[in-house]
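Take a look at the structure below.
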Amino acid sequence: MKIPFTKMHGAGNDFILVDDRVLTFPLEDKAFIAEISNRRTGIGCDGVLLIQPSETADFRMRFMNPDGGEVDMCGNGGRCIARMAYDLGAAPAVMTIETGAGLVKAEVLGDMIRLELTDPSGLKLDLDAGLAWPVDFVNTGVEHAVAWLDDLQSLDLPMVGKQIRGHALFAPAGTNANFAKVEADGSLSVRTYERGVEAETLACGTGATAVAVIAAEKGWVNLPVTVHCAGGFDLVIDSVQGTTTLTGGAVKTFEGTVEYGNRV
């Protein structure tokens with residue numbers, strides 16, 4: 001079976017997207033998902049996204065990490081899949097998406113996609129994770145811990161990120177780990193160690209949102225705020241009538257097909 005796919009990125013966070021409205025993608029085959037996600041021997045991505053039918057929204061988004069495990073939400077992935085669904089004619093410019101975290105809305109704004117996220121929950125500040133800095137926590141569709149540093153570049157992110165990701169404070173599911181800084185101009189910078197990818201990614205939409213939500217809660221910034229991601233792209237986090245929004249680009253890089261099954 002040949003599976004058509006589209007490769008896209010949102011702020012450097014890259015994804016394999018599949019139009020699965022006929023429900024033929026082998027969703028339960030974690031080994032296959034890991035195979036195509038591999039950057040050396042497969043297509044390579046930070047996650048695999050499917051457009052599927054929905055009874056409550058314009059379509060349903062399914063998101064699998066490179067290890068094959070499914071998670072409820074992905075901010076940059078949500079913006080990419082909104083762009084693809086609009087381009088396919090599967091959704092209007094103002095659309096509703098069913099996700100594991102609940103219904104979210106997205107809007108195509110020229111080259112930009114604005115995604116309305118589910119309400120942040122579980123906010124906890126100044127947790128002691130046994131590190132040199134306290135750690136904050138919030139769920140912006142998925143779990144995110146945030147540590148605030150003066151120097152992001154010299155951080156041994158793989159080591160410290162892994163330590164926070166599996167810390168007992170966030171058991172049993174673990175958490176994504178973000179390391180952030182408030183810049184002199186009032187913007188924010190962030191690096192993210194993503195659970196499921198088990199490595200740093202060039203951007204994380206829900207992570208950027210977590211950083212902005214916590215910084216605003218602490219009184220350090222006012223929304224809207226620009227968040228600078230590790231890949232050099234910016235995301236804008238805002239609150240519109242009490243709803244948290246994530247705005248940024250969603251770019252198609254190429255299309256192709258991948259074989260599954262007997263390879264015939």
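In the structure tokens, chains take the letters A, B, ... in the order shown, each chain's residues start at 1, and ligands count up from 1 in the order shown.
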
Spatial neighbours of Gly256 (chain A), max dist 7 Å, only C-alpha atoms, sep filter under 2 positions, as a PyMOL selection string: chain A and resi 4-6+254+258

Residue neighbourhood Lys252 (chain A), 10 Å, only C-alpha atoms, exclusion window fewer than 5 positions, as a ChimeraX atom specification: /A:6-10,14-15,17,80,83-84

Within 12 Å of Val240 (chain A) using only C-alpha atoms, minus same-chain residues under 4 positions, as a list in words: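 Listed by chain and then number, they are Arg114, Leu115, Glu116, Leu117, Asp119, Leu223, Pro224, Thr244, Thr245, Leu246 and Thr247 of chain A.
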
Please save C-alpha atoms of the selected residues as a short mmCIF file (atom, residue, chain, number, x, y, z; two decimals), in the first residue's frame.
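What follows is the written file out-v3.cif:
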data_model
loop_
_atom_site.label_atom_id
_atom_site.label_comp_id
_atom_site.auth_asym_id
_atom_site.auth_seq_id
_atom_site.Cartn_x
_atom_site.Cartn_y
_atom_site.Cartn_z
CA ARG A 114 -3.96 31.26 14.34
CA LEU A 115 -4.86 28.36 16.61
CA GLU A 116 -7.11 28.71 19.64
CA LEU A 117 -5.93 26.35 22.36
CA ASP A 119 -7.70 26.54 28.49
CA LEU A 223 0.09 39.40 26.10
CA PRO A 224 0.42 39.36 23.15
CA THR A 244 -5.23 31.53 24.49
CA THR A 245 -4.11 31.73 20.85
CA LEU A 246 -0.95 30.62 19.04
CA THR A 247 -0.07 32.33 15.74
#

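Distance-wise, CA of His228 (chain A) and CA of Ala203 (chain A) end up 8.8 Å apart.
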
So that each row is one residue of region 160-226 of chain A with an atom at most 10 Å from region 141-156 of chain A, can you give its shortest atom pair and the distance in Å to one decimal, using only C-alpha atoms, rows by chain and rising number, as a Markdown table?
| residue | atom | partner | partner_atom | distance |
| --- | --- | --- | --- | --- |
| A:Val160 | CA | A:Asp156 | CA | 6.3 |
| A:Gly161 | CA | A:Asp156 | CA | 8.2 |
| A:Ile164 | CA | A:Ala145 | CA | 7.6 |
| A:Arg165 | CA | A:Ala145 | CA | 8.1 |
| A:Phe170 | CA | A:Glu143 | CA | 8.7 |
| A:Ala173 | CA | A:Glu143 | CA | 8.8 |
| A:Gly174 | CA | A:Glu143 | CA | 7.8 |
| A:Thr175 | CA | A:Glu143 | CA | 5.1 |
| A:Asn176 | CA | A:His144 | CA | 4.8 |
| A:Ala177 | CA | A:Ala145 | CA | 5.0 |
| A:Asn178 | CA | A:Val146 | CA | 4.6 |
| A:Phe179 | CA | A:Ala147 | CA | 4.9 |
| A:Ala180 | CA | A:Trp148 | CA | 5.0 |
| A:Lys181 | CA | A:Leu149 | CA | 5.6 |
| A:Val182 | CA | A:Trp148 | CA | 8.2 |
| A:Glu183 | CA | A:Asp150 | CA | 9.2 |
| A:Ser189 | CA | A:Leu152 | CA | 8.4 |
| A:Val190 | CA | A:Leu152 | CA | 7.8 |
| A:Arg191 | CA | A:Leu152 | CA | 7.4 |
| A:Thr192 | CA | A:Val146 | CA | 9.0 |
| A:Tyr193 | CA | A:His144 | CA | 9.8 |
| A:Glu194 | CA | A:His144 | CA | 9.1 |
| A:Arg195 | CA | A:Glu143 | CA | 9.3 |
| A:Thr206 | CA | A:Gly141 | CA | 6.9 |
| A:Gly207 | CA | A:His144 | CA | 6.3 |
| A:Ala208 | CA | A:His144 | CA | 9.6 |
| A:Thr209 | CA | A:His144 | CA | 9.5 |
| A:Ala210 | CA | A:His144 | CA | 6.5 |
| A:Val211 | CA | A:Val146 | CA | 6.6 |
| A:Ile214 | CA | A:Val146 | CA | 8.3 |
| A:Ala215 | CA | A:Trp148 | CA | 9.6 |

Filtering to C-alpha atoms, could you give me those residues as a compact mmCIF listing (two decimals), in the first residue's frame?
# COMPACT_ATOMS: atom_id res chain seq x y z
CA VAL A 160 18.78 18.48 32.14
CA GLY A 161 15.79 18.07 29.83
CA ILE A 164 12.94 17.07 34.22
CA ARG A 165 11.02 15.01 31.65
CA PHE A 170 5.46 14.72 36.92
CA ALA A 173 3.16 10.47 32.38
CA GLY A 174 6.22 12.69 32.58
CA THR A 175 6.36 16.14 31.00
CA ASN A 176 7.90 18.23 28.26
CA ALA A 177 10.76 20.38 29.57
CA ASN A 178 11.21 24.01 28.55
CA PHE A 179 14.03 26.41 29.37
CA ALA A 180 13.12 30.04 28.92
CA LYS A 181 14.38 33.60 29.27
CA VAL A 182 12.71 37.00 29.39
CA GLU A 183 14.51 39.26 26.92
CA SER A 189 13.16 32.91 24.22
CA VAL A 190 12.75 29.17 24.73
CA ARG A 191 14.42 25.82 24.13
CA THR A 192 12.34 22.65 24.50
CA TYR A 193 13.07 19.00 25.24
CA GLU A 194 10.03 17.15 23.92
CA ARG A 195 8.61 14.03 25.51
CA THR A 206 2.31 24.26 23.29
CA GLY A 207 5.69 24.78 24.96
CA ALA A 208 5.93 28.38 23.72
CA THR A 209 2.38 28.86 24.98
CA ALA A 210 3.27 27.44 28.39
CA VAL A 211 6.24 29.81 28.66
CA ILE A 214 3.56 31.39 33.03
CA ALA A 215 5.52 34.59 32.32

Which residues of region 85-167 of chain A come within 12 Å of region 61-67 of chain A, and for each one, what is the closest pair of atoms and their distance in Å to one decimal, counting only C-alpha atoms, sorted by chain and residue number, as a tab-separated table?
residue	atom	partner	partner_atom	distance
A:Ala85	CA	A:Met61	CA	10.1
A:Thr96	CA	A:Met61	CA	10.3
A:Ile97	CA	A:Met61	CA	6.6
A:Glu98	CA	A:Met61	CA	6.0
A:Thr99	CA	A:Met61	CA	5.5
A:Gly100	CA	A:Arg62	CA	7.8
A:Ala101	CA	A:Met61	CA	10.4
A:Gly102	CA	A:Met61	CA	10.5
A:Leu103	CA	A:Met61	CA	10.0
A:Val104	CA	A:Met61	CA	10.2
A:Lys105	CA	A:Met61	CA	11.8
A:Val142	CA	A:Phe63	CA	11.8

Sel. of alpha helix (DSSP H) residues, region 19-180 of chain A, as a VMD selection string: chain A and resid 30 to 37 75 to 88 157 to 165

For the residues in that selection, give me N, CA and C atoms as a short mmCIF file (atom, residue, chain, number, x, y, z; two decimals), in the first residue's frame.
data_model
loop_
_atom_site.label_atom_id
_atom_site.label_comp_id
_atom_site.auth_asym_id
_atom_site.auth_seq_id
_atom_site.Cartn_x
_atom_site.Cartn_y
_atom_site.Cartn_z
N LYS A 30 3.19 1.01 15.64
CA LYS A 30 4.16 1.95 16.18
C LYS A 30 5.53 1.81 15.52
N ALA A 31 5.88 0.59 15.13
CA ALA A 31 7.18 0.37 14.49
C ALA A 31 7.24 1.10 13.16
N PHE A 32 6.14 1.09 12.41
CA PHE A 32 6.09 1.79 11.13
C PHE A 32 6.19 3.30 11.33
N ILE A 33 5.48 3.81 12.32
CA ILE A 33 5.53 5.25 12.60
C ILE A 33 6.95 5.65 12.99
N ALA A 34 7.59 4.84 13.85
CA ALA A 34 8.97 5.12 14.22
C ALA A 34 9.91 5.05 13.02
N GLU A 35 9.63 4.12 12.11
CA GLU A 35 10.47 3.94 10.91
C GLU A 35 10.42 5.17 10.02
N ILE A 36 9.22 5.67 9.73
CA ILE A 36 9.13 6.82 8.82
C ILE A 36 9.57 8.11 9.52
N SER A 37 9.52 8.13 10.86
CA SER A 37 9.93 9.33 11.60
C SER A 37 11.44 9.45 11.73
N GLY A 75 0.65 22.13 19.27
CA GLY A 75 0.33 23.46 18.78
C GLY A 75 0.81 23.71 17.37
N ASN A 76 2.09 23.48 17.10
CA ASN A 76 2.61 23.70 15.75
C ASN A 76 2.03 22.69 14.77
N GLY A 77 1.84 21.46 15.23
CA GLY A 77 1.19 20.46 14.39
C GLY A 77 -0.23 20.84 14.07
N GLY A 78 -0.93 21.41 15.05
CA GLY A 78 -2.30 21.86 14.82
C GLY A 78 -2.38 22.94 13.77
N ARG A 79 -1.41 23.84 13.78
CA ARG A 79 -1.40 24.90 12.76
C ARG A 79 -1.10 24.32 11.38
N CYS A 80 -0.17 23.36 11.31
CA CYS A 80 0.16 22.74 10.02
C CYS A 80 -1.02 21.97 9.46
N ILE A 81 -1.69 21.21 10.32
CA ILE A 81 -2.81 20.40 9.82
C ILE A 81 -3.99 21.28 9.42
N ALA A 82 -4.14 22.44 10.08
CA ALA A 82 -5.17 23.38 9.68
C ALA A 82 -4.89 23.91 8.28
N ARG A 83 -3.63 24.25 8.01
CA ARG A 83 -3.24 24.71 6.67
C ARG A 83 -3.51 23.64 5.62
N MET A 84 -3.11 22.40 5.91
CA MET A 84 -3.30 21.32 4.95
C MET A 84 -4.79 21.05 4.72
N ALA A 85 -5.58 21.02 5.78
CA ALA A 85 -7.02 20.76 5.64
C ALA A 85 -7.68 21.85 4.80
N TYR A 86 -7.28 23.10 5.02
CA TYR A 86 -7.82 24.21 4.23
C TYR A 86 -7.43 24.07 2.76
N ASP A 87 -6.16 23.76 2.50
CA ASP A 87 -5.69 23.62 1.13
C ASP A 87 -6.37 22.45 0.42
N LEU A 88 -6.71 21.39 1.16
CA LEU A 88 -7.40 20.24 0.57
C LEU A 88 -8.89 20.50 0.33
N LEU A 157 21.18 20.84 27.49
CA LEU A 157 19.75 20.56 27.42
C LEU A 157 19.41 19.08 27.38
N PRO A 158 20.13 18.23 26.63
CA PRO A 158 19.77 16.81 26.66
C PRO A 158 19.80 16.20 28.06
N MET A 159 20.80 16.57 28.86
CA MET A 159 20.91 16.01 30.19
C MET A 159 19.83 16.54 31.13
N VAL A 160 19.72 17.88 31.20
CA VAL A 160 18.78 18.48 32.14
C VAL A 160 17.33 18.26 31.67
N GLY A 161 17.12 18.32 30.36
CA GLY A 161 15.79 18.07 29.83
C GLY A 161 15.29 16.69 30.17
N LYS A 162 16.15 15.70 30.03
CA LYS A 162 15.77 14.32 30.36
C LYS A 162 15.47 14.18 31.84
N GLN A 163 16.23 14.89 32.67
CA GLN A 163 16.03 14.83 34.12
C GLN A 163 14.65 15.36 34.51
N ILE A 164 14.25 16.50 33.92
CA ILE A 164 12.94 17.07 34.22
C ILE A 164 11.83 16.22 33.60
N ARG A 165 12.04 15.77 32.38
CA ARG A 165 11.02 15.01 31.65
C ARG A 165 10.52 13.80 32.45
#

Which residue of A:Met112, A:Leu188, A:Leu50, A:Val221 approaches Asp20 (chain A) most closely, using only C-alpha atoms: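 So, comparing all the options, the nearest one is A:Leu50.
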
Residue nearest Pro53 (chain A) - candidates A:Arg21, A:Glu198, A:Asp136, A:Pro92, atoms counted: only C-alpha atoms: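 Once distances to Pro53 (chain A) are computed over only C-alpha atoms, the minimum belongs to A:Arg21.
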
Within 7 Å of Ser121 (chain A) using only C-alpha atoms, minus same-chain residues under 2 positions, as a list in words: Asp119, Leu123, Val138, Asn139 and Thr140 of chain A
